[in-house]
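J.: One file is attached below, model.cif, containing mmCIF, C-alpha atoms.
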data_structure
loop_
_atom_site.label_atom_id
_atom_site.label_comp_id
_atom_site.auth_asym_id
_atom_site.auth_seq_id
_atom_site.Cartn_x
_atom_site.Cartn_y
_atom_site.Cartn_z
CA MET A 155 15.89 22.49 2.19
CA PRO A 156 12.81 22.77 -0.06
CA ARG A 157 10.74 25.94 -0.30
CA THR A 158 8.26 24.76 -2.96
CA ILE A 159 6.26 21.58 -3.56
CA ASP A 160 8.29 20.85 -6.69
CA GLU A 161 11.48 21.13 -4.65
CA GLY A 162 9.93 18.90 -1.99
CA PHE A 163 9.21 16.12 -4.47
CA ARG A 164 12.64 16.59 -6.05
CA ASP A 165 14.37 16.11 -2.69
CA PHE A 166 12.04 13.24 -1.80
CA LEU A 167 13.00 11.40 -5.00
CA VAL A 168 16.68 11.66 -4.07
CA LYS A 169 15.85 10.11 -0.71
CA LEU A 170 13.84 7.29 -2.31
CA THR A 171 16.45 6.35 -4.93
CA PRO A 172 18.86 3.61 -3.75
CA SER A 173 22.45 4.71 -3.25
CA THR A 174 25.41 3.30 -5.13
CA TYR A 175 26.20 1.27 -1.99
CA GLU A 176 22.73 -0.28 -1.97
CA THR A 177 22.91 -1.08 -5.66
CA THR A 178 26.33 -2.71 -5.22
CA SER A 179 25.14 -4.68 -2.17
CA ALA A 180 22.15 -5.92 -4.14
CA LYS A 181 24.52 -7.46 -6.69
CA SER A 182 27.02 -8.93 -4.25
CA HIS A 183 25.46 -12.38 -3.75
CA ARG A 184 24.35 -12.98 -7.31
CA SER A 185 27.22 -15.17 -8.50
CA SER A 186 27.07 -17.58 -5.54
CA ILE A 187 23.29 -18.03 -5.91
CA GLU A 188 23.67 -18.49 -9.65
CA SER A 189 26.35 -21.12 -9.18
CA CYS A 190 24.22 -23.05 -6.68
CA LEU A 191 21.17 -23.13 -8.97
CA LYS A 192 23.19 -24.10 -12.04
CA ASN A 193 24.89 -26.96 -10.23
CA ASN A 194 21.71 -28.30 -8.66
CA PHE A 195 19.07 -27.68 -11.31
CA GLY A 196 20.81 -26.87 -14.58
CA MET A 197 19.49 -23.31 -14.50
CA THR A 198 19.77 -21.66 -17.92
CA ARG A 199 18.95 -18.02 -17.22
CA PHE A 200 19.12 -15.85 -14.09
CA PHE A 201 17.90 -12.28 -14.34
CA ARG A 202 16.82 -9.46 -12.09
CA THR A 203 13.14 -8.55 -11.91
CA GLY A 204 10.96 -6.50 -9.57
CA SER A 205 11.61 -2.93 -8.49
CA PHE A 206 15.41 -3.07 -8.74
CA GLY A 207 15.09 -4.60 -12.17
CA ASN A 208 12.72 -1.89 -13.38
CA GLY A 209 14.21 1.20 -11.74
CA THR A 210 11.36 1.76 -9.27
CA SER A 211 12.92 0.46 -6.05
CA ILE A 212 12.75 2.35 -2.75
CA SER A 213 15.91 2.99 -0.76
CA GLY A 214 16.00 0.90 2.42
CA HIS A 215 12.82 -1.00 1.60
CA SER A 216 13.05 -2.89 -1.69
CA ASP A 217 14.63 -6.32 -1.75
CA VAL A 218 16.25 -7.92 -4.81
CA ASP A 219 14.20 -10.21 -7.04
CA TYR A 220 15.41 -12.72 -9.61
CA PHE A 221 13.80 -15.20 -11.97
CA ALA A 222 15.67 -18.50 -12.20
CA GLU A 223 14.84 -20.28 -15.47
CA ILE A 224 15.11 -24.02 -14.87
CA PRO A 225 14.47 -26.77 -17.45
CA SER A 226 11.02 -28.37 -17.09
CA LYS A 227 12.52 -31.81 -16.46
CA ASN A 228 14.21 -30.49 -13.32
CA LEU A 229 11.03 -28.98 -11.83
CA LYS A 230 8.25 -30.65 -9.86
CA GLN A 231 4.72 -30.73 -11.24
CA ASN A 232 3.58 -29.18 -7.96
CA SER A 233 5.01 -25.67 -7.73
CA SER A 234 5.04 -25.75 -3.92
CA SER A 235 7.26 -28.83 -4.07
CA THR A 236 9.52 -26.98 -6.51
CA LEU A 237 9.89 -24.07 -4.09
CA THR A 238 10.74 -26.46 -1.25
CA MET A 239 13.32 -28.22 -3.45
CA VAL A 240 15.01 -24.94 -4.35
CA LYS A 241 14.83 -23.73 -0.75
CA ASN A 242 16.57 -26.89 0.48
CA ALA A 243 19.40 -26.49 -2.04
CA LEU A 244 19.94 -22.82 -1.14
CA ALA A 245 19.77 -23.62 2.59
CA ILE A 246 22.66 -26.06 2.18
CA ARG A 247 24.67 -23.43 0.29
CA PHE A 248 23.80 -20.61 2.73
CA PRO A 249 23.16 -22.41 6.07
CA ASN A 250 23.25 -19.35 8.34
CA THR A 251 20.84 -17.08 6.47
CA GLY A 252 17.42 -18.54 7.35
CA VAL A 253 16.38 -19.42 3.80
CA ARG A 254 12.59 -19.80 3.54
CA VAL A 255 9.75 -20.08 1.06
CA THR A 256 7.73 -16.91 0.41
CA SER A 257 5.62 -18.04 -2.55
CA PRO A 258 6.17 -17.46 -5.44
CA THR A 259 9.80 -17.09 -4.37
CA VAL A 260 12.47 -18.47 -2.09
CA LEU A 261 13.89 -15.79 0.19
CA VAL A 262 17.56 -15.67 1.15
CA PRO A 263 17.97 -12.90 3.78
CA PHE A 264 21.73 -12.32 3.68
CA GLY A 265 21.76 -9.33 6.01
CA TYR A 266 19.63 -6.90 7.94
CA ASP A 267 19.28 -4.47 5.04
CA LYS A 268 16.45 -5.09 2.56
CA ASN A 269 18.83 -4.64 -0.38
CA GLU A 270 20.65 -7.76 0.82
CA SER A 271 17.48 -9.85 0.96
CA THR A 272 17.29 -11.81 -2.28
CA GLU A 273 14.13 -13.47 -3.57
CA ILE A 274 14.39 -16.12 -6.27
CA ALA A 275 11.40 -17.24 -8.31
CA PRO A 276 12.03 -20.62 -9.97
CA CYS A 277 10.38 -20.49 -13.38
CA ASP A 278 9.67 -22.57 -16.44
CA HIS A 279 9.92 -21.04 -19.91
CA ARG A 280 6.67 -21.86 -21.70
CA THR A 281 6.62 -19.73 -24.86
CA THR A 282 7.80 -16.49 -26.46
CA ASP A 283 5.41 -13.74 -27.55
CA HIS A 284 6.47 -10.63 -29.49
CA GLY A 285 10.06 -11.33 -28.51
CA PHE A 286 9.31 -11.66 -24.79
CA LYS A 287 9.70 -14.92 -22.90
CA ILE A 288 6.58 -16.08 -21.06
CA TYR A 289 7.26 -18.07 -17.88
CA GLU A 290 5.30 -19.95 -15.28
CA ILE A 291 5.98 -19.33 -11.60
CA ALA A 292 4.38 -20.67 -8.44
CA ASP A 293 0.83 -19.43 -7.81
CA GLY A 294 0.84 -20.08 -4.05
CA ASN A 295 -1.51 -23.07 -4.29
CA GLY A 296 0.67 -25.69 -5.90
CA GLY A 297 -0.17 -24.60 -9.44
CA TRP A 298 1.60 -22.36 -11.91
CA LEU A 299 0.96 -18.77 -13.00
CA LYS A 300 2.09 -17.11 -16.23
CA SER A 301 4.46 -14.17 -15.87
CA SER A 302 6.76 -12.14 -18.11
CA PRO A 303 9.00 -9.62 -16.34
CA ASP A 304 10.59 -8.64 -19.66
CA ALA A 305 7.21 -7.77 -21.19
CA HIS A 306 5.92 -5.94 -18.11
CA ASN A 307 9.13 -3.94 -17.74
CA ALA A 308 8.91 -2.95 -21.41
CA TYR A 309 5.28 -1.91 -20.86
CA VAL A 310 6.18 0.39 -17.95
CA ARG A 311 9.25 1.67 -19.77
CA SER A 312 7.25 2.64 -22.87
CA ILE A 313 4.74 4.66 -20.82
CA ASP A 314 7.54 6.23 -18.79
CA SER A 315 9.24 7.27 -22.03
CA LYS A 316 6.01 8.81 -23.32
CA HIS A 317 5.94 11.04 -20.21
CA ASN A 318 9.66 11.93 -20.27
CA GLY A 319 10.63 9.78 -17.30
CA LYS A 320 7.94 10.96 -14.90
CA VAL A 321 6.01 7.68 -14.61
CA LYS A 322 8.70 5.71 -12.80
CA LYS A 323 9.10 8.64 -10.42
CA LEU A 324 5.36 8.62 -9.75
CA ILE A 325 5.53 4.86 -9.15
CA ARG A 326 8.23 5.51 -6.56
CA TYR A 327 6.05 8.11 -4.81
CA ILE A 328 3.15 5.65 -4.59
CA LYS A 329 5.41 2.81 -3.43
CA ALA A 330 6.92 5.13 -0.82
CA TRP A 331 3.46 5.46 0.76
CA LYS A 332 3.19 1.64 0.80
CA PHE A 333 6.55 1.17 2.51
CA TYR A 334 6.54 4.19 4.84
CA GLN A 335 3.06 3.34 6.11
CA ASN A 336 3.57 -0.45 6.15
CA VAL A 337 0.74 -1.10 3.70
CA PRO A 338 0.70 -4.78 2.64
CA ILE A 339 -0.17 -4.15 -1.03
CA SER A 340 1.75 -5.88 -3.81
CA SER A 341 4.40 -3.64 -5.38
CA PHE A 342 3.74 -5.30 -8.74
CA TYR A 343 0.05 -4.43 -8.46
CA LEU A 344 0.81 -0.79 -7.66
CA GLU A 345 3.37 -0.52 -10.45
CA LEU A 346 0.94 -1.72 -13.11
CA ARG A 347 -1.92 0.36 -11.68
CA VAL A 348 0.14 3.53 -11.91
CA ALA A 349 1.46 2.71 -15.38
CA LYS A 350 -2.02 1.95 -16.71
CA PHE A 351 -3.35 5.20 -15.22
CA CYS A 352 -0.53 7.23 -16.78
CA ASP A 353 -1.04 5.62 -20.18
CA ASP A 354 -4.35 7.51 -20.47
CA GLU A 355 -3.03 10.83 -19.16
CA SER A 356 -1.73 13.72 -21.24
CA SER A 357 0.60 14.98 -18.51
CA ILE A 358 1.89 14.08 -15.04
CA LEU A 359 1.57 16.40 -12.04
CA TYR A 360 2.77 14.60 -8.93
CA HIS A 361 0.71 16.41 -6.29
CA TYR A 362 -2.45 15.94 -8.37
CA ASP A 363 -1.84 12.40 -9.63
CA ILE A 364 -0.84 10.95 -6.26
CA LYS A 365 -4.22 12.00 -4.89
CA THR A 366 -6.06 10.76 -8.01
CA ILE A 367 -4.37 7.34 -8.01
CA LEU A 368 -5.00 6.77 -4.30
CA SER A 369 -8.63 7.89 -4.74
CA ASN A 370 -9.08 5.54 -7.69
CA LEU A 371 -7.71 2.62 -5.71
CA LEU A 372 -10.14 3.38 -2.91
CA SER A 373 -13.19 3.92 -5.12
CA ASN A 374 -12.48 0.53 -6.74
CA ASN A 375 -12.10 -1.10 -3.32
CA LEU A 376 -8.64 -2.33 -4.32
CA ALA A 377 -10.18 -4.59 -6.93
CA LYS A 378 -8.11 -7.22 -8.68
CA MET A 379 -6.56 -5.87 -11.85
CA SER A 380 -6.62 -7.45 -15.28
CA ASP A 381 -3.06 -7.65 -16.57
CA PRO A 382 -2.93 -4.94 -19.30
CA LEU A 383 -0.78 -7.32 -21.38
CA GLY A 384 -3.10 -10.28 -20.88
CA ILE A 385 -0.29 -12.49 -19.55
CA SER A 386 -0.84 -12.94 -15.82
CA GLY A 387 -4.65 -12.86 -15.75
CA LEU A 388 -6.10 -11.16 -12.67
CA ILE A 389 -3.52 -9.55 -10.41
CA SER A 390 -4.42 -9.45 -6.72
CA PRO A 391 -3.53 -6.43 -4.58
CA CYS A 392 -2.89 -8.47 -1.42
CA GLU A 393 -1.96 -12.02 -0.45
CA THR A 394 -4.64 -12.51 2.22
CA GLN A 395 -7.96 -11.08 3.37
CA VAL A 396 -6.31 -9.73 6.52
CA LYS A 397 -3.76 -7.81 4.43
CA TYR A 398 -6.53 -6.58 2.15
CA ASN A 399 -8.55 -5.21 5.09
CA SER A 400 -5.47 -3.49 6.53
CA SER A 401 -4.56 -1.98 3.15
CA LEU A 402 -8.07 -0.67 2.57
CA SER A 403 -8.12 0.97 6.01
CA LYS A 404 -4.78 2.67 5.44
CA LEU A 405 -5.87 3.70 1.96
CA ASN A 406 -8.88 5.52 3.44
CA THR A 407 -6.55 7.57 5.64
CA ALA A 408 -4.14 8.20 2.76
CA VAL A 409 -6.86 9.60 0.50
CA VAL A 410 -7.90 12.12 3.15
CA ARG A 411 -4.31 13.29 3.64
CA ALA A 412 -3.51 13.42 -0.09
CA ASP A 413 -6.70 15.41 -0.71
CA LYS A 414 -5.83 17.93 2.01
CA ALA A 415 -2.28 18.23 0.65
CA LEU A 416 -3.60 18.90 -2.84
CA SER A 417 -6.07 21.49 -1.55
CA ALA A 418 -3.25 23.25 0.29
CA VAL A 419 -1.13 23.31 -2.89
CA GLN A 420 -4.05 24.74 -4.87
CA ASP A 421 -4.56 27.40 -2.17
CA ASP A 422 -0.82 28.20 -2.31
CA ASN A 423 -0.57 27.23 1.36
CA ILE A 424 2.79 25.49 0.98
CA LYS A 425 3.47 25.04 4.68
CA ASP A 426 0.21 23.12 5.15
CA ALA A 427 0.87 21.08 2.02
CA PHE A 428 4.20 19.93 3.45
CA TYR A 429 2.43 19.08 6.72
CA TRP A 430 -0.09 16.81 4.99
CA TYR A 431 2.55 15.15 2.82
CA SER A 432 4.56 14.48 5.96
CA LEU A 433 1.53 12.70 7.42
CA LEU A 434 0.90 10.83 4.17
CA TYR A 435 4.47 9.52 4.17
CA ASN A 436 4.75 8.95 7.93
CA GLY A 437 7.32 11.69 8.40
CA GLY A 438 9.38 10.67 5.39
CA PHE A 439 8.61 13.69 3.20
CA PRO A 440 11.19 16.52 3.35
CA ASN A 441 10.67 19.29 5.88
CA TYR A 442 9.49 22.66 4.61
CA TYR A 443 12.09 25.40 4.75
CA TYR A 444 10.77 28.90 5.33
#
Would you give me this structure, written as structure tokens?

T.:
Amino acid sequence: MPRTIDEGFRDFLVKLTPSTYETTSAKSHRSSIESCLKNNFGMTRFFRTGSFGNGTSISGHSDVDYFAEIPSKNLKQNSSSTLTMVKNALAIRFPNTGVRVTSPTVLVPFGYDKNESTEIAPCDHRTTDHGFKIYEIADGNGGWLKSSPDAHNAYVRSIDSKHNGKVKKLIRYIKAWKFYQNVPISSFYLELRVAKFCDDESSILYHYDIKTILSNLLSNNLAKMSDPLGISGLISPCETQVKYNSSLSKLNTAVVRADKALSAVQDDNIKDAFYWYSLLYNGGFPNYYY
């Protein structure tokens, strides 16, 4: 049981990191999906993206994301039609799973656990820049949006390396707030926001930077973010206005709690700090041992 804030965050990270079982479960359906997409669409590359692909997933909450590179000739001009086409093929292969479109992906929910829910983004390879493949994926409106998981993962990885592995941990702490409080903000948006913030910092202090990042998100009214690599254009925090309003409301509450937690840490009032972090993470933060 933790006695200090550092110990609290250490134990929290263990809780947030997927177990070996989760990691194995996340891989278990890959070959059958891959076979289906190769047979139906001549898929040429299938690779993991998202939180699991970048080492920032949250135990019990993060699903598994893949990009499926399909030759242009086998895609529809309308990306929504492409998603429906891929969904229909996967539904035939996995008839009892409830396959559905969740643009820009097709979701195959194999089980009740999130690590068994697999999302596949059909994509078209458009070009290669600095050794990274640039793809187009569905934009939710029938068009196509540029994306490069390889480049974005390398971007986060380089900043994480600069800070001796602390950036991906900080990303997990911010994502934990999203998942534990049911905040409908894009994980991709949060990941790039945190990485960009850390790129300008000389050091990382979790209790301080969690509060600062949440405060910055609020002061900017969850504004759309320009892709720091210039690939994906403007990145939206939420899919709909309703989700945006909900996220902003929950962010207001989070900033108050993170600020009170930080003040308690600075006053060396560790018991109160644990109390406020427990509220921030909806009871998910470790209990204080005294």

J.: Just checking: using all atoms listed in the file, which residue out of A:Tyr175, A:Tyr327, A:Phe264, A:Tyr289 ends up closest to Ser386 in chain A?

T.: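 Looking at the shortest contact to Ser386 in chain A, the residue is A:Tyr289.
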
J.: If you count all atoms listed in the file, which residues fall within 10 Å of Gln420 in chain A, apart from same-chain ones fewer than 5 positions away, as JSON, numbers by chain?

T.: {"A": [361, 362, 414, 415, 427]}

J.: Any chance you could work out the residue set of the PyMOL selection byres ((chain A and resi 285) around 12) here, as a compact mmCIF listing (two decimals) with C-alpha atoms, in the frame of the given file?

T.:
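The resulting file, selection_24.txt, is shown below:
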# COMPACT_ATOMS: atom_id res chain seq x y z
CA THR A 281 6.62 -19.73 -24.86
CA THR A 282 7.80 -16.49 -26.46
CA ASP A 283 5.41 -13.74 -27.55
CA HIS A 284 6.47 -10.63 -29.49
CA PHE A 286 9.31 -11.66 -24.79
CA LYS A 287 9.70 -14.92 -22.90
CA ILE A 288 6.58 -16.08 -21.06
CA SER A 302 6.76 -12.14 -18.11
CA ASP A 304 10.59 -8.64 -19.66
CA ALA A 305 7.21 -7.77 -21.19
CA ALA A 308 8.91 -2.95 -21.41

J.: For CA of Pro156 in chain A and CA of Tyr442 in chain A, determine how far apart the two atoms are, in Å to one decimal place.

T.: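 Those two atoms sit 5.7 Å apart.
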
J.: Which residues come within 10 Å of Tyr429 in chain A, counting all atoms listed in the file, excluding same-chain residues fewer than 3 positions away, as a PyMOL selection string?

T.: chain A and resi 411+414-415+418+424-426+432-434+437+439-442

J.: May I ask which of the residues A:Thr203, A:Ile246, A:His279, A:Leu402 is the closest one to Lys227 in chain A, counting only C-alpha atoms?

T.: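 So, comparing all the options, the nearest one is A:His279.
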
J.: Using only C-alpha atoms, which protein or nucleic acid residues come within 8 Å of Val310 in chain A? Drop anything in the same chain fewer than 5 positions from it, and give the result as number ranges by chain.

T.: A: 322, 346, 349

J.: Out of A:Phe195, A:Tyr343, A:Phe166, A:Trp331, which residue has the shortest atom-to-atom distance to Val409 in chain A when counting all atoms listed in the file?

T.: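 So, comparing all the options, the nearest one is A:Trp331.
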
J.: Given all atoms listed in the file as the basis, pick out the residue of A:Ser211, A:Lys365, A:Phe206, A:Asp354 nearest to Val419 in chain A.

T.: A:Lys365

J.: Could you jot down the CA of Tyr266 in chain A to CA of Leu191 in chain A separation for me, Å, one decimal place?

T.: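 Distance between the two atoms: 23.5 Å.
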
J.: Given the PyMOL selection byres ((chain A and resi 233-235) around 9) and the file above, list the residues it selects as a list in words.

T.: Leu229, Lys230, Gln231, Asn232, Thr236, Leu237, Thr238, Met239, Val240, Val255, Ser257, Pro258, Pro276, Ile291, Ala292, Asp293, Gly294, Asn295, Gly296, Gly297 and Trp298 of chain A

J.: Tell me which of A:Gly265, A:Asn423, A:Ile364, A:Tyr398 sits closest to Ala377 in chain A, counting all atoms listed in the file.

T.: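 Nearest candidate to Ala377 in chain A out of A:Gly265, A:Asn423, A:Ile364, A:Tyr398: A:Tyr398.
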